[in-house]
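I have placed the structure first, in the form of structure tokens, so that the comments after it can refer back to it.
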Amino acid sequence: MAIVAPSILSADFGNLKEEILNLEKGGADYIHIDVMDGVFVPNITFGPPVIKKIKNISKIPFDVHLMIDKPERYIEDFVKAGADIITVHEEATIHLHRTIQQIKSYGLKAGVALNPSTPIENIKYILDYLDMVLIMTVNPGFGGQQFIKSMERKIFDLRNIIDNRNLNILIEVDGGIKLENAKKIINLGADIIVVGSGIFEAEDIVERTNEFKRI
Ligand code: DX5
Ligand code: ZN
């Protein structure tokens with residue numbers, strides 16, 4: 001069974017408490033939190049103060065996806081706000097190995113995200129230090145975009161690399177995941193599926209979250 005990480009990017013921000021409680025009732029494993037700075041991606045969301053406020057609503061781990069430039073400047077703030085997993089973009093930090101060590105020094109799990117056009121080869125030599133790799137299957141910045149089909153190959157290739165090297169890394173896939181394509185993505189090798197609009201467009205959030213859990 002895949003790990004389901006609903007993204008609150010498509011939630012009603014005026015009602016985050018109720019939305020998170022519904023995700024919990026539906027069986028969400030992680031809450032995926034999309035942090036955007038208007039520089040690395042053309043959109044702005046929220047930062048540590050908001051995360052800190054919503055942290056005590058449930059006990060579900062916070063999976064924080066930083067779409068911000070030079071994330072090393074803010075790791076400590078996100079740790080203090082309550083992040084359990086922090087993922088930074090390979091394209092956003094020059095000294096990626098150092099940034100990963102920084103996240104791990106707080107006892108958190110560390111992930112690296114790859115934009116659709118970024119090759120897996122870019123992280124070949126730091127895989128040993130990672131807990132998670134996030135494959136972006138849309139260009140980051142917005143919810144509700146179309147899954148980029150050629151990313152299927154990337155998920156499959158990364159699965160093979162991880163299995164061949166016997167690495168203990170989870171593959172997270174993020175962007176354009178719906179009920180219709182989730183099974184295929186899991187079969188290609190995803191351990192964690194991030195779902196935003198695929199959950200929040202539903203009438204019944206609890207039931208829809210649970211449908212993803214049952215795939
Ligand atoms: C995109 C974000 C995703 C987004 C996914 O930049 O990283 O987490 O919320 O939304 P959907 O599932 O609607 O593509
Ligand atoms: Zn995300």
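Residue numbering restarts at 1 for every chain of the structure tokens, chains are lettered A, B, ... in their displayed order, and ligands are numbered from 1 as they appear.
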Could you list, as number ranges by chain, every residue within 9 Å of Ile120 (chain A), counting only C-alpha atoms and ignoring same-chain residues fewer than 2 positions away?
A: 114, 118, 122-124, 154, 157-158
Could the residues that lie within 7 Å of ligand 2, counting only C-alpha atoms and all ligand atoms, be listed as a PyMOL selection string?
chain A and resi 7+32-34+65+174+194
Keeping only C-alpha atoms, take the residues you just selected and write them out as an mmCIF file, in the first residue's frame.
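Done, and the output landed in result.cif:
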data_model
loop_
_atom_site.group_PDB
_atom_site.id
_atom_site.type_symbol
_atom_site.label_atom_id
_atom_site.label_comp_id
_atom_site.auth_asym_id
_atom_site.auth_seq_id
_atom_site.Cartn_x
_atom_site.Cartn_y
_atom_site.Cartn_z
ATOM 1 C CA SER A 7 -1.153 18.494 -0.366
ATOM 2 C CA HIS A 32 2.271 17.583 2.312
ATOM 3 C CA ILE A 33 3.036 21.272 2.729
ATOM 4 C CA ASP A 34 4.036 23.278 -0.338
ATOM 5 C CA HIS A 65 8.292 20.611 0.286
ATOM 6 C CA ASP A 174 4.164 14.949 -6.847
ATOM 7 C CA VAL A 194 1.208 13.501 -3.220
#
Produce a table with one row for each residue of chain A that has an atom at most 7 Å from any atom of ligand 1, each row naming the nearest atom pair and its distance in Å at one decimal; use only C-alpha atoms and all ligand atoms; arrange rows by chain and rising residue number; format as a tab-separated table.
residue	atom	partner	partner_atom_place_in_ligand_line	distance
A:Ser7	CA	ligand 1	9 (O)	5.0
A:Ile8	CA	ligand 1	9 (O)	6.9
A:Leu9	CA	ligand 1	9 (O)	4.9
A:Ser10	CA	ligand 1	9 (O)	6.4
A:His32	CA	ligand 1	8 (O)	6.8
A:Asp34	CA	ligand 1	7 (O)	5.6
A:His65	CA	ligand 1	7 (O)	6.8
A:Val138	CA	ligand 1	1 (C)	6.8
A:Asn139	CA	ligand 1	6 (O)	6.5
A:Pro140	CA	ligand 1	6 (O)	3.3
A:Gly141	CA	ligand 1	6 (O)	3.8
A:Phe142	CA	ligand 1	6 (O)	4.7
A:Gly143	CA	ligand 1	10 (O)	3.6
A:Gly144	CA	ligand 1	13 (O)	3.5
A:Gln145	CA	ligand 1	14 (O)	5.1
A:Gln146	CA	ligand 1	14 (O)	7.0
A:Asp174	CA	ligand 1	8 (O)	5.4
A:Gly175	CA	ligand 1	14 (O)	3.6
A:Gly176	CA	ligand 1	14 (O)	3.7
A:Ile177	CA	ligand 1	12 (O)	5.3
A:Val194	CA	ligand 1	8 (O)	6.1
A:Val195	CA	ligand 1	12 (O)	4.1
A:Gly196	CA	ligand 1	12 (O)	3.5
A:Ser197	CA	ligand 1	13 (O)	3.7
A:Gly198	CA	ligand 1	12 (O)	5.6
Helix (DSSP H, G or I) per DSSP on the backbone: members of region 60-141 of chain A, as a VMD selection string
chain A and resid 71 to 73 75 to 81 90 to 92 96 to 104 120 to 129
As an MDAnalysis selection string, please: the residues near Ala28 (chain A) (cut-off 8 Å, only C-alpha atoms, same-chain neighbours under 3 positions excluded).
chainID A and resid 3:6 23:25 31 60 209:210 213
Just to be explicit: take each residue in the selection above, keep N, CA and C atoms, and write the result as a compact mmCIF listing (two decimals), in the first residue's frame.
# COMPACT_ATOMS: atom_id res chain seq x y z
N ILE A 3 2.03 5.18 0.49
CA ILE A 3 1.87 6.24 1.49
C ILE A 3 1.15 7.39 0.79
N VAL A 4 0.07 7.89 1.39
CA VAL A 4 -0.69 8.98 0.78
C VAL A 4 -0.40 10.29 1.52
N ALA A 5 0.07 11.27 0.74
CA ALA A 5 0.43 12.57 1.31
C ALA A 5 -0.40 13.67 0.65
N PRO A 6 -1.57 13.96 1.18
CA PRO A 6 -2.40 15.03 0.59
C PRO A 6 -1.69 16.38 0.72
N LEU A 23 -8.64 15.10 6.35
CA LEU A 23 -7.58 14.27 5.78
C LEU A 23 -7.18 13.18 6.77
N GLU A 24 -7.15 13.55 8.03
CA GLU A 24 -6.81 12.58 9.07
C GLU A 24 -7.86 11.46 9.12
N LYS A 25 -9.12 11.85 9.09
CA LYS A 25 -10.21 10.86 9.12
C LYS A 25 -10.13 9.93 7.91
N ILE A 31 0.93 15.01 5.89
CA ILE A 31 0.37 16.23 5.32
C ILE A 31 1.49 16.86 4.50
N ILE A 60 -0.41 13.81 12.44
CA ILE A 60 0.14 13.33 11.17
C ILE A 60 1.45 14.07 10.86
N THR A 209 -9.90 10.77 0.20
CA THR A 209 -8.59 10.45 0.77
C THR A 209 -8.49 8.95 0.97
N ASN A 210 -9.57 8.38 1.49
CA ASN A 210 -9.59 6.96 1.75
C ASN A 210 -9.55 6.12 0.46
N LYS A 213 -6.06 5.80 -0.38
CA LYS A 213 -5.43 4.85 0.55
C LYS A 213 -5.67 3.40 0.12
Within 12 Å of Arg214 (chain A) using only C-alpha atoms, minus same-chain residues under 6 positions, as a short mmCIF file (atom, residue, chain, number, x, y, z; two decimals) with N, CA and C atoms, in the first residue's frame:
data_model
loop_
_atom_site.label_atom_id
_atom_site.label_comp_id
_atom_site.auth_asym_id
_atom_site.auth_seq_id
_atom_site.Cartn_x
_atom_site.Cartn_y
_atom_site.Cartn_z
N MET A 1 0.84 -1.20 0.00
CA MET A 1 0.00 0.00 0.00
C MET A 1 0.88 1.25 0.00
N ALA A 2 0.52 2.18 -0.84
CA ALA A 2 1.34 3.40 -0.94
C ALA A 2 1.06 4.34 0.24
N ILE A 3 2.03 5.18 0.49
CA ILE A 3 1.87 6.24 1.49
C ILE A 3 1.15 7.39 0.79
N VAL A 4 0.07 7.89 1.39
CA VAL A 4 -0.69 8.98 0.78
C VAL A 4 -0.40 10.29 1.52
N GLY A 26 -9.69 10.45 6.79
CA GLY A 26 -9.60 9.65 5.57
C GLY A 26 -8.40 8.72 5.56
N GLY A 27 -7.49 8.89 6.53
CA GLY A 27 -6.34 7.99 6.63
C GLY A 27 -5.06 8.52 6.02
N ALA A 28 -4.95 9.84 5.84
CA ALA A 28 -3.72 10.42 5.28
C ALA A 28 -2.51 10.02 6.13
N LEU A 179 -7.20 9.73 -9.21
CA LEU A 179 -7.59 8.33 -8.99
C LEU A 179 -7.25 7.47 -10.22
N ALA A 182 -3.15 6.91 -10.41
CA ALA A 182 -2.39 6.62 -9.20
C ALA A 182 -1.83 5.19 -9.18
N LYS A 183 -2.64 4.25 -9.61
CA LYS A 183 -2.20 2.85 -9.56
C LYS A 183 -0.98 2.63 -10.45
N GLU A 207 -13.79 10.63 2.23
CA GLU A 207 -13.97 9.45 1.38
C GLU A 207 -12.92 9.41 0.26
N ARG A 208 -12.65 10.57 -0.35
CA ARG A 208 -11.68 10.60 -1.45
C ARG A 208 -10.27 10.27 -0.96
#
Rank A:Phe212, A:Tyr129, A:Tyr30, A:Phe78 by their smallest atom-to-atom distance to Val112 (chain A), using only C-alpha atoms, and report the top residue only.
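Among the listed residues, A:Tyr129 lies closest to Val112 (chain A).
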Would you list the contacts of region 126-128 of chain A as JSON, numbers by chain, taking every protein, DNA or RNA residue within 9 Å and counting only C-alpha atoms, but skipping same-chain residues closer than 5 positions in sequence?
{"A": [96, 97, 133, 162, 167, 168, 169]}
The selected residues should be written to file as a compact mmCIF listing (two decimals), in the first residue's frame (atoms: N, CA and C atoms).
# COMPACT_ATOMS: atom_id res chain seq x y z
N LEU A 96 24.33 21.14 -2.11
CA LEU A 96 23.22 20.26 -1.74
C LEU A 96 23.59 19.30 -0.60
N HIS A 97 24.79 18.75 -0.68
CA HIS A 97 25.20 17.81 0.37
C HIS A 97 25.20 18.48 1.74
N VAL A 133 13.47 10.81 -2.34
CA VAL A 133 13.62 11.62 -3.55
C VAL A 133 12.22 11.93 -4.06
N ILE A 162 17.56 2.59 -7.16
CA ILE A 162 17.43 2.37 -5.72
C ILE A 162 17.46 0.88 -5.40
N LEU A 167 19.30 0.72 -1.75
CA LEU A 167 19.25 1.92 -0.92
C LEU A 167 17.92 2.01 -0.17
N ASN A 168 17.99 2.65 0.97
CA ASN A 168 16.80 2.81 1.80
C ASN A 168 16.20 4.21 1.57
N ILE A 169 15.65 4.40 0.37
CA ILE A 169 15.13 5.71 -0.02
C ILE A 169 13.69 5.55 -0.51
Based on DSSP run over this structure's backbone, return all residues of region 85-190 of chain A in strand (DSSP E or B), as a PyMOL selection string.
chain A and resi 85-89+109-114+132-136+170-174
Can you list, as a list of chain:residue names, every protein, DNA or RNA residue that comes within 10 Å of Asp77 (chain A) when you count only C-alpha atoms, leaving out same-chain residues fewer than 5 positions away?
A:Gly47, A:Pro48, A:Pro49, A:Lys52, A:Gly82, A:Ala83
In terms of only C-alpha atoms, the residue from A:Pro119, A:Asp131, A:Asp191, A:Phe13 at minimal distance from Ile100 (chain A) is A:Asp131
Looking at only C-alpha atoms, which of A:Ser150, A:Ile54, A:Met136, A:Ile94 is the one that sits closest to Glu19 (chain A)?
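The answer is A:Ile54, which sits nearest to Glu19 (chain A).
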Shell of 10 Å around region 102-104 of chain A, only C-alpha atoms, local chain residues under 2 positions omitted, as an NGL selection string
:A and (72 or 75-76 or 78-79 or 85-88 or 96-100 or 106-111 or 129-131)
Residues from the last selection, C-alpha atoms, saved as a CSV table (one decimal), in the first residue's frame:
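File part-v9.csv, as written:
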chain,number,residue,atom,x,y,z
A,72,GLU,CA,19.6,26.5,3.7
A,75,ILE,CA,16.0,25.1,7.6
A,76,GLU,CA,16.1,25.9,11.3
A,78,PHE,CA,11.0,25.0,9.4
A,79,VAL,CA,12.4,22.6,12.0
A,85,ILE,CA,10.5,15.7,6.7
A,86,ILE,CA,12.1,18.5,4.7
A,87,THR,CA,12.6,18.3,1.0
A,88,VAL,CA,14.7,20.8,-0.9
A,96,LEU,CA,23.2,20.3,-1.7
A,97,HIS,CA,25.2,17.8,0.4
A,98,ARG,CA,25.7,20.4,3.0
A,99,THR,CA,22.0,21.4,3.0
A,100,ILE,CA,21.0,17.7,3.4
A,106,TYR,CA,18.1,18.2,13.6
A,107,GLY,CA,17.1,14.6,13.4
A,108,LEU,CA,14.7,15.1,10.6
A,109,LYS,CA,14.3,13.0,7.4
A,110,ALA,CA,15.8,14.7,4.3
A,111,GLY,CA,14.6,14.6,0.8
A,129,TYR,CA,22.6,10.5,2.3
A,130,LEU,CA,18.9,10.8,1.4
A,131,ASP,CA,15.7,9.4,3.0
